[in-house]
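Okay, so here's the structure we're looking at.
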Amino acid sequence: MNVSKVGVIGIGNIGFAHAQSIYNNEIDGFSLAAVCDINVNVKETVDEYLKDVRFFEKYEDLLDLADIDTVIIATPHPLHSEIAIKAFQKGKNVLVEKPADISVSKVKLLNKEAKKSGKKFAVMFNQRTGKLFKKAKETQEECSKAEELFEKKFEKRLGVRFFDVLMVFAAIIGVLLAIGLFLALP
């Protein structure tokens, strides 16, 4: 299996958790190569818990490393797009913490750069594995299956699609409302 060398940018609570998981070999296929944080005091924690992992104060220096092919961005939200775009320009795969950014226009630019780079891009949604969210997803999938089954049975029995019938009723209701409004006008 190929091992992706990872750099984590932003070593706060979330960034440190990512770095430690990779460092402790809890994630197959990843190896922690470097971390970065503008807070130099974080270096002491990195030296203690992530021995022999390179530390950088500037994310540009980490992105310049040829041996790193993937970066995880766990910085303050307004910096996500800026750093990710530079990472793509340096040929890195990117995993960014949610939200991708706080500006829709920056996220659109980020998506454009990701596509242009041909590299892998993902936004971390950390709650997706929680019990509540797993159950919500299962329920949604069950509802989708039930809806599909209902639509198939409806079409088989009546020979028309349920959606088509629904649209006809919506059009009729719309016409009736328009007539009602017209009649109600002085």
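For the structure tokens, the naming scheme is as follows: chains receive sequential letters (A, B, ...) according to their order of presentation, residues are indexed from 1 within each chain, and ligands are indexed from 1 in presentation order.
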> Counting only C-alpha atoms, what is within 12 Å of Phe16 (chain A), bar same-chain residues fewer than 2 positions away, as a PyMOL selection string?
Replying inline: chain A and resi 7-14+18-24+32+34-37+42-43+45-46+49-50+72-75
> Where in region 97-146 of chain A does DSSP assign strand (DSSP E), given as a list of chain:residue names?
Replying inline: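 Reading the DSSP output for region 97-146 of chain A, strand (DSSP E) covers A:Glu97, A:Phe121, A:Ala122, A:Val123, A:Met124.
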> Quick one: DSSP helix (DSSP H, G or I) residues in region 64-174 of chain A, as a PyMOL selection string?
Replying inline: chain A and resi 77-89+104-117+126-129+131-158+162-174
>> Report as a list in words all protein, DNA and RNA residues lying within 12 Å of Asn111 (chain A), evaluated on only C-alpha atoms, omitting residues in the same chain fewer than 5 positions from it.
In response: His80, Ser81, Glu82, Ala84, Ile85, Phe88, Val94, Val96, Ala100, Asp101, Val104, Ser105, Lys106, Lys116, Ser117, Gly118, Lys119, Lys120, Phe121, Ala122 and Val123 of chain A
Writing out the chosen residues with N, CA and C atoms as a PDB file, in the first residue's frame:
ATOM      1  N   HIS A  80      -8.786  28.965   5.438  1.00  0.00           N
ATOM      2  CA  HIS A  80      -8.858  27.667   4.773  1.00  0.00           C
ATOM      3  C   HIS A  80      -8.625  27.745   3.270  1.00  0.00           C
ATOM      4  N   SER A  81      -9.377  28.587   2.574  1.00  0.00           N
ATOM      5  CA  SER A  81      -9.251  28.664   1.111  1.00  0.00           C
ATOM      6  C   SER A  81      -7.866  29.127   0.683  1.00  0.00           C
ATOM      7  N   GLU A  82      -7.383  30.156   1.314  1.00  0.00           N
ATOM      8  CA  GLU A  82      -6.069  30.715   0.962  1.00  0.00           C
ATOM      9  C   GLU A  82      -4.989  29.640   1.034  1.00  0.00           C
ATOM     10  N   ALA A  84      -5.407  26.292   1.222  1.00  0.00           N
ATOM     11  CA  ALA A  84      -5.719  25.159   0.350  1.00  0.00           C
ATOM     12  C   ALA A  84      -5.357  25.448  -1.101  1.00  0.00           C
ATOM     13  N   ILE A  85      -5.663  26.641  -1.565  1.00  0.00           N
ATOM     14  CA  ILE A  85      -5.335  27.007  -2.952  1.00  0.00           C
ATOM     15  C   ILE A  85      -3.825  26.958  -3.169  1.00  0.00           C
ATOM     16  N   PHE A  88      -2.781  23.333  -3.430  1.00  0.00           N
ATOM     17  CA  PHE A  88      -3.058  22.764  -4.750  1.00  0.00           C
ATOM     18  C   PHE A  88      -2.032  23.236  -5.769  1.00  0.00           C
ATOM     19  N   VAL A  94      -5.551  17.809  -0.494  1.00  0.00           N
ATOM     20  CA  VAL A  94      -5.976  18.668   0.617  1.00  0.00           C
ATOM     21  C   VAL A  94      -7.205  18.099   1.324  1.00  0.00           C
ATOM     22  N   VAL A  96      -9.509  19.705   4.325  1.00  0.00           N
ATOM     23  CA  VAL A  96      -9.684  20.935   5.093  1.00  0.00           C
ATOM     24  C   VAL A  96     -10.813  20.721   6.102  1.00  0.00           C
ATOM     25  N   ALA A 100     -15.330  24.928   4.619  1.00  0.00           N
ATOM     26  CA  ALA A 100     -14.242  25.117   3.658  1.00  0.00           C
ATOM     27  C   ALA A 100     -13.714  26.550   3.720  1.00  0.00           C
ATOM     28  N   ASP A 101     -14.585  27.489   4.009  1.00  0.00           N
ATOM     29  CA  ASP A 101     -14.221  28.893   4.222  1.00  0.00           C
ATOM     30  C   ASP A 101     -15.484  29.594   4.706  1.00  0.00           C
ATOM     31  N   VAL A 104     -18.515  32.421   0.318  1.00  0.00           N
ATOM     32  CA  VAL A 104     -18.947  31.573  -0.794  1.00  0.00           C
ATOM     33  C   VAL A 104     -18.040  31.769  -2.002  1.00  0.00           C
ATOM     34  N   SER A 105     -17.673  33.008  -2.292  1.00  0.00           N
ATOM     35  CA  SER A 105     -16.817  33.266  -3.458  1.00  0.00           C
ATOM     36  C   SER A 105     -15.447  32.603  -3.292  1.00  0.00           C
ATOM     37  N   LYS A 106     -14.925  32.585  -2.062  1.00  0.00           N
ATOM     38  CA  LYS A 106     -13.634  31.921  -1.826  1.00  0.00           C
ATOM     39  C   LYS A 106     -13.768  30.413  -1.978  1.00  0.00           C
ATOM     40  N   LYS A 116      -8.856  22.103 -11.057  1.00  0.00           N
ATOM     41  CA  LYS A 116      -7.757  22.412 -11.977  1.00  0.00           C
ATOM     42  C   LYS A 116      -6.492  21.633 -11.620  1.00  0.00           C
ATOM     43  N   SER A 117      -6.258  21.443 -10.326  1.00  0.00           N
ATOM     44  CA  SER A 117      -5.033  20.780  -9.874  1.00  0.00           C
ATOM     45  C   SER A 117      -5.045  19.279 -10.154  1.00  0.00           C
ATOM     46  N   GLY A 118      -6.255  18.698 -10.204  1.00  0.00           N
ATOM     47  CA  GLY A 118      -6.351  17.246 -10.383  1.00  0.00           C
ATOM     48  C   GLY A 118      -6.019  16.472  -9.112  1.00  0.00           C
ATOM     49  N   LYS A 119      -5.850  17.166  -8.024  1.00  0.00           N
ATOM     50  CA  LYS A 119      -5.519  16.534  -6.747  1.00  0.00           C
ATOM     51  C   LYS A 119      -6.793  16.203  -5.968  1.00  0.00           C
ATOM     52  N   LYS A 120      -6.655  15.382  -4.955  1.00  0.00           N
ATOM     53  CA  LYS A 120      -7.798  15.019  -4.125  1.00  0.00           C
ATOM     54  C   LYS A 120      -8.120  16.162  -3.172  1.00  0.00           C
ATOM     55  N   PHE A 121      -9.429  16.368  -2.973  1.00  0.00           N
ATOM     56  CA  PHE A 121      -9.888  17.446  -2.097  1.00  0.00           C
ATOM     57  C   PHE A 121     -11.108  16.971  -1.318  1.00  0.00           C
ATOM     58  N   ALA A 122     -11.089  17.217  -0.017  1.00  0.00           N
ATOM     59  CA  ALA A 122     -12.239  16.857   0.820  1.00  0.00           C
ATOM     60  C   ALA A 122     -12.355  17.843   1.980  1.00  0.00           C
ATOM     61  N   VAL A 123     -13.580  17.975   2.456  1.00  0.00           N
ATOM     62  CA  VAL A 123     -13.862  18.783   3.639  1.00  0.00           C
ATOM     63  C   VAL A 123     -14.246  17.808   4.745  1.00  0.00           C
TER      64      VAL A 123
END
